[in-house]
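Taking it in order: structure first as structure tokens, then the write-up.
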Amino acid sequence: MTDAATLITTLHGMASAEEREKYTRYFAPDPDAPFIGVRMGAVFGLAKTALDLPAGDVETLLEQPTHEVRALACSIMGKAAANRKTGESRRAELYELYLRRHDRIDQWDLVDLAARDVIGSYLLERDRSPLARLAASGFWPERRTALVATFAFLKRGELDDAYSLAESLADDPEPFVQKALGWVLRAAGDLDRDRLTSFVEHHAPTMPRLTLRAAIEHYAKTDRARLLAIR
């Protein structure tokens with residue numbers, strides 16, 4: 001079994017200035033959360049070797065300022081939660097850690113690495129009210145977590161939770177939440193086009209255009225034009 005210190009050392013050994021430069025295309029410079037220049041494919045590969053990393057070590061990774069180290073922590077959590085061999089106690093441990101340390105899961109990509117499998121899958125057979133609390137948060141990454149978690153429900157053809165959150169977040173001011181909502185609605189529409197159309201027709205006048213465009217991406221060109229005209 002490995003530990004946090006070994007993983008951090010390994011990750012730093014994979015870094016390059018060339019890869020670090022590439023991240024500037026997608027992320028604004030942040031001195032409090034710097035990139036060291038490790039390809040995400042390498043981060044994910046390293047995560048696969050540490051699925052049984054103790055929760056305390058995962059938290060140590062989350063506490064690091066380096067973005068790729070925190071991405072490693074989220075990837076470990078997400079991959080472990082999705083692994084069929086992972087037991088319920090481990091899934092509960094990861095769920096609780098994610099929520100307790102959401103302050104360190106503070107970027108869109110970190111949320112996307114773990115929210116569906118750590119949060120959504122854990123709540124499949126449980127009370128889903130925690131998602132409503134996340135959706136009401138003033139911390140936008142928590143609102144994004146609520147939305148991304150519903151992909152676990154959509155995978156089973158369950159639409160109600162996604163639409164319930166969509167009602168409360170339909171006019172969210174944060175672009176990273178707007179985009180996530182658009183993706184969720186698009187996936188829901190692939191399962192029930194009529195329900196999405198009704199939702200969009202009702203909310204289009206106030207829905208951010210970013211959300212609207214993403215939600216109706218799979219519509220025919222003429223239908224997209226009609227719905228965009230409502231906006």
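Residues in the structure tokens are numbered from 1 in each chain, the chains being A, B, ... in the order shown, and ligands are numbered from 1 in the order shown.
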Sort by chain and increasing residue number a table of all residues of segment 76-184 of chain A within 9 Å of segment 30-54 of chain A, each with its closest pair of atoms and their distance in Å to one decimal, counting only C-alpha atoms, and write it as a tab-separated table.
residue	atom	partner	partner_atom	distance
A:Ile76	CA	A:Ala47	CA	4.9
A:Met77	CA	A:Leu51	CA	7.4
A:Lys79	CA	A:Leu51	CA	6.9
A:Ala80	CA	A:Leu51	CA	5.1
A:Ala81	CA	A:Leu51	CA	8.8
A:Asn83	CA	A:Leu51	CA	8.7
A:Thr86	CA	A:Asp52	CA	8.8
A:Arg90	CA	A:Asp52	CA	8.8
Could those residues be written to a file, using C-alpha atoms, as a CSV table (one decimal), in the first residue's frame?
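Result file result15.csv:
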chain,number,residue,atom,x,y,z
A,76,ILE,CA,-8.8,8.2,-6.5
A,77,MET,CA,-12.1,8.9,-4.8
A,79,LYS,CA,-12.4,5.6,-9.3
A,80,ALA,CA,-12.6,3.8,-6.0
A,81,ALA,CA,-16.3,4.7,-5.6
A,83,ASN,CA,-15.1,0.1,-8.6
A,86,THR,CA,-15.3,-1.3,-3.2
A,90,ARG,CA,-15.4,2.6,1.9
Leaving out segment 147-164 of chain A and any residue of its chain fewer than 4 positions from it, which residues lie within 7 Å of it when counting only C-alpha atoms, given as a short mmCIF file (atom, residue, chain, number, x, y, z; two decimals) with C-alpha atoms, in the first residue's frame?
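File produced: around_31.cif:
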data_model
loop_
_atom_site.label_atom_id
_atom_site.label_comp_id
_atom_site.auth_asym_id
_atom_site.auth_seq_id
_atom_site.Cartn_x
_atom_site.Cartn_y
_atom_site.Cartn_z
CA ASP A 112 -16.37 16.46 -12.23
CA ALA A 115 -19.24 13.97 -7.83
CA ARG A 116 -21.17 11.44 -9.92
CA ASP A 117 -19.64 8.33 -8.37
CA ILE A 119 -21.97 11.50 -4.20
CA GLY A 120 -24.56 10.48 -6.78
CA SER A 121 -23.96 6.73 -6.71
CA LEU A 124 -28.93 5.99 -5.33
CA ARG A 143 -24.00 23.61 -6.50
CA SER A 168 -33.83 25.80 -8.29
CA ALA A 180 -23.24 21.81 -15.72
CA LEU A 181 -26.99 22.41 -15.69
CA VAL A 184 -27.66 17.60 -17.10
CA ALA A 188 -32.30 14.22 -19.37
CA LEU A 191 -34.26 10.16 -22.14
#
task = Can you check which residues of segment 61-228 of chain A DSSP gives as alpha helix (DSSP H) on the backbone and send them as number ranges by chain?
result = A: 61-62, 67-82, 88-100, 108-114, 129-135, 140-149, 151-154, 160-169, 175-191, 193-203, 209-215, 221-228
key: Among listed residues A:Leu165, A:Leu185, A:Ala229, A:Leu62, nearest Glu217 of chain A (using only C-alpha atoms)   = A:Leu185
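With only C-alpha atoms as the basis for measurement, A:Ala146 is the residue among A:Leu7, A:Ile105, A:Ala55, A:Ala146 that approaches Leu123 of chain A most closely.
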Find the residues around Ala204 of chain A up to 8 Å (only C-alpha atoms counted), leave out those fewer than 4 positions away in its own chain, and share them as a JSON list (two decimals) with C-alpha atoms, in the first residue's frame.
[["chain", "number", "residue", "atom", "x", "y", "z"],
["A", 200, "VAL", "CA", -37.04, 24.86, -21.61],
["A", 208, "PRO", "CA", -28.73, 31.87, -19.10],
["A", 212, "LEU", "CA", -30.01, 26.93, -22.88],
["A", 227, "LEU", "CA", -36.33, 27.74, -28.46],
["A", 228, "LEU", "CA", -33.47, 30.23, -28.66],
["A", 230, "ILE", "CA", -37.91, 32.54, -26.79],
["A", 231, "ARG", "CA", -34.82, 33.75, -24.94]]
message = So the first atom is atom CA of Glu125 of chain A and the second is atom CA of Asp171 of chain A; what is the distance between them in Å, to one decimal place?
response =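 Atom CA of Asp171 of chain A lies 29.2 Å from atom CA of Glu125 of chain A.
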ask   = Can you tell me how far atom CA of His12 of chain A sits from atom CA of Asp106 of chain A, in Å to one decimal?
value =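 Going from atom CA of His12 of chain A over to atom CA of Asp106 of chain A, I get 21.3 Å.
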query = Residues at most 6 Å from Ala114 of chain A, counting only C-alpha atoms, excluding those fewer than 3 positions away in the same chain, as a PyMOL selection string?
reply = chain A and resi 74+78+111+117-118
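Minimum atom-to-atom distance to Ala166 of chain A, evaluated using only C-alpha atoms, belongs to A:Ala132 out of A:Val58, A:Ala220, A:Leu11, A:Ala132.
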request  = Calculate how many Å separate atom CA of Leu210 of chain A from atom CA of Gln178 of chain A, rounding to one decimal.
outcome  =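 Taking atom CA of Leu210 of chain A as the start and atom CA of Gln178 of chain A as the end point, the length is 6.4 Å.
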Close residues, Ala4 of chain A itself excluded, 7 Å, only C-alpha atoms, min 4 positions apart in chain, as a PyMOL selection string = chain A and resi 8+57-58+60-61
Residue contacts of Tyr95 of chain A (8 Å, only C-alpha atoms) excluding same-chain residues fewer than 2 positions away, as a ChimeraX atom specification = /A:91-93,97-99,118-119,122
Restricted to N, CA and C atoms, what would the selected residues look like written as a PDB file, in the first residue's frame?
ATOM      1  N   ARG A  91     -17.260   3.281   0.523  1.00  0.00           N
ATOM      2  CA  ARG A  91     -18.065   4.254  -0.208  1.00  0.00           C
ATOM      3  C   ARG A  91     -18.585   5.341   0.740  1.00  0.00           C
ATOM      4  N   ALA A  92     -19.020   4.933   1.919  1.00  0.00           N
ATOM      5  CA  ALA A  92     -19.508   5.899   2.901  1.00  0.00           C
ATOM      6  C   ALA A  92     -18.378   6.823   3.357  1.00  0.00           C
ATOM      7  N   GLU A  93     -17.210   6.248   3.544  1.00  0.00           N
ATOM      8  CA  GLU A  93     -16.038   7.008   3.965  1.00  0.00           C
ATOM      9  C   GLU A  93     -15.679   8.070   2.929  1.00  0.00           C
ATOM     10  N   LEU A  97     -15.965  12.149   3.295  1.00  0.00           N
ATOM     11  CA  LEU A  97     -14.757  12.943   3.083  1.00  0.00           C
ATOM     12  C   LEU A  97     -14.996  14.020   2.031  1.00  0.00           C
ATOM     13  N   TYR A  98     -15.624  13.642   0.927  1.00  0.00           N
ATOM     14  CA  TYR A  98     -15.901  14.607  -0.134  1.00  0.00           C
ATOM     15  C   TYR A  98     -16.684  15.798   0.411  1.00  0.00           C
ATOM     16  N   LEU A  99     -17.762  15.527   1.125  1.00  0.00           N
ATOM     17  CA  LEU A  99     -18.596  16.617   1.633  1.00  0.00           C
ATOM     18  C   LEU A  99     -17.883  17.425   2.715  1.00  0.00           C
ATOM     19  N   VAL A 118     -18.934   9.415  -6.315  1.00  0.00           N
ATOM     20  CA  VAL A 118     -18.801   9.491  -4.857  1.00  0.00           C
ATOM     21  C   VAL A 118     -20.109   9.952  -4.210  1.00  0.00           C
ATOM     22  N   ILE A 119     -20.744  10.938  -4.794  1.00  0.00           N
ATOM     23  CA  ILE A 119     -21.971  11.499  -4.201  1.00  0.00           C
ATOM     24  C   ILE A 119     -23.224  10.866  -4.812  1.00  0.00           C
ATOM     25  N   TYR A 122     -23.625   7.020  -4.327  1.00  0.00           N
ATOM     26  CA  TYR A 122     -23.858   6.695  -2.912  1.00  0.00           C
ATOM     27  C   TYR A 122     -25.321   6.944  -2.529  1.00  0.00           C
TER      28      TYR A 122
END
